[in-house]
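Asks: The structure is given below, and queries will be raised subsequently.
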Amino acid sequence: MTTHEEPAAEAVQRKERFGALPERIRPEDMVETRPAIQHDPDRDAYDPDAFAVRYGL
(Lines give C-alpha, C1' and ligand atoms only; values in the text may rest on other atoms or scores of the structure.)
Protein backbone atom coordinates (compact mmCIF):
# COMPACT_ATOMS: atom_id res chain seq x y z
CA MET A 1 0.00 0.00 0.00
CA THR A 2 1.41 3.38 -0.93
CA THR A 3 0.72 6.56 0.94
CA HIS A 4 0.27 9.87 -0.84
CA GLU A 5 1.04 13.11 0.93
CA GLU A 6 -1.05 16.17 0.36
CA PRO A 7 0.14 18.43 -2.48
CA ALA A 8 0.72 21.27 -0.01
CA ALA A 9 3.07 19.10 2.08
CA GLU A 10 5.01 18.15 -1.06
CA ALA A 11 5.29 21.81 -1.98
CA VAL A 12 6.67 22.61 1.47
CA GLN A 13 9.27 19.85 1.17
CA ARG A 14 10.24 21.05 -2.31
CA LYS A 15 10.58 24.62 -1.01
CA GLU A 16 12.81 23.46 1.87
CA ARG A 17 15.05 21.46 -0.45
CA PHE A 18 15.18 23.67 -3.54
CA GLY A 19 13.92 27.02 -2.26
CA ALA A 20 17.25 28.84 -2.20
CA LEU A 21 20.11 28.88 -4.66
CA PRO A 22 23.61 28.06 -3.43
CA GLU A 23 26.09 30.88 -2.94
CA ARG A 24 27.62 32.22 -6.13
CA ILE A 25 31.14 31.07 -6.97
CA ARG A 26 33.40 33.60 -8.66
CA PRO A 27 35.10 32.43 -11.89
CA GLU A 28 38.52 33.17 -10.34
CA ASP A 29 37.77 30.60 -7.64
CA MET A 30 36.91 27.90 -10.19
CA VAL A 31 40.33 27.86 -11.88
CA GLU A 32 43.51 26.49 -10.41
CA THR A 33 46.73 27.62 -12.04
CA ARG A 34 49.97 25.78 -11.64
CA PRO A 35 52.85 25.00 -14.00
CA ALA A 36 52.47 21.94 -16.22
CA ILE A 37 56.03 20.87 -15.47
CA GLN A 38 58.38 21.66 -12.62
CA HIS A 39 61.02 24.35 -13.08
CA ASP A 40 64.24 23.00 -14.60
CA PRO A 41 67.22 25.28 -13.88
CA ASP A 42 69.34 23.58 -16.57
CA ARG A 43 66.81 24.59 -19.18
CA ASP A 44 67.32 28.28 -18.38
CA ALA A 45 71.11 27.94 -18.21
CA TYR A 46 71.60 28.41 -21.97
CA ASP A 47 73.82 31.37 -22.75
CA PRO A 48 73.91 32.16 -26.48
CA ASP A 49 77.13 34.17 -26.17
CA ALA A 50 78.98 31.34 -24.45
CA PHE A 51 77.68 28.93 -27.09
CA ALA A 52 78.91 31.20 -29.90
CA VAL A 53 82.35 31.58 -28.34
CA ARG A 54 82.70 27.88 -27.61
CA TYR A 55 81.45 26.43 -30.90
CA GLY A 56 81.36 29.25 -33.44
CA LEU A 57 84.68 30.99 -33.18
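Chain labels run A, B, ... following the order of the C-alpha coordinates; each chain numbers its residues from 1, and ligands are numbered from 1 in the order shown.
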Could you find all residues in chain A that DSSP calls helix (DSSP H, G or I) from the backbone, and write them as JSON, numbers by chain?
Replies: {"A": [7, 8, 9, 10, 11, 12, 13, 14, 15, 16, 17, 18, 27, 28, 29, 30, 43, 44, 45, 48, 49, 50, 51, 52, 53, 54, 55, 56]}
Asks: In Å to one decimal, how far is CA of Arg17 in chain A from CA of Met30 in chain A?
Replies: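 Those two atoms sit 24.8 Å apart.
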Asks: Give me, please, the distance in Å between CA of Ala36 in chain A and CA of Pro48 in chain A, quoted to one decimal.
Replies: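 Separation of CA of Ala36 in chain A and CA of Pro48 in chain A: 25.9 Å.
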Asks: Could you jot down the CA of Asp44 in chain A to CA of Gly56 in chain A separation for me, Å, one decimal place?
Replies: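 A separation of 20.6 Å between them.
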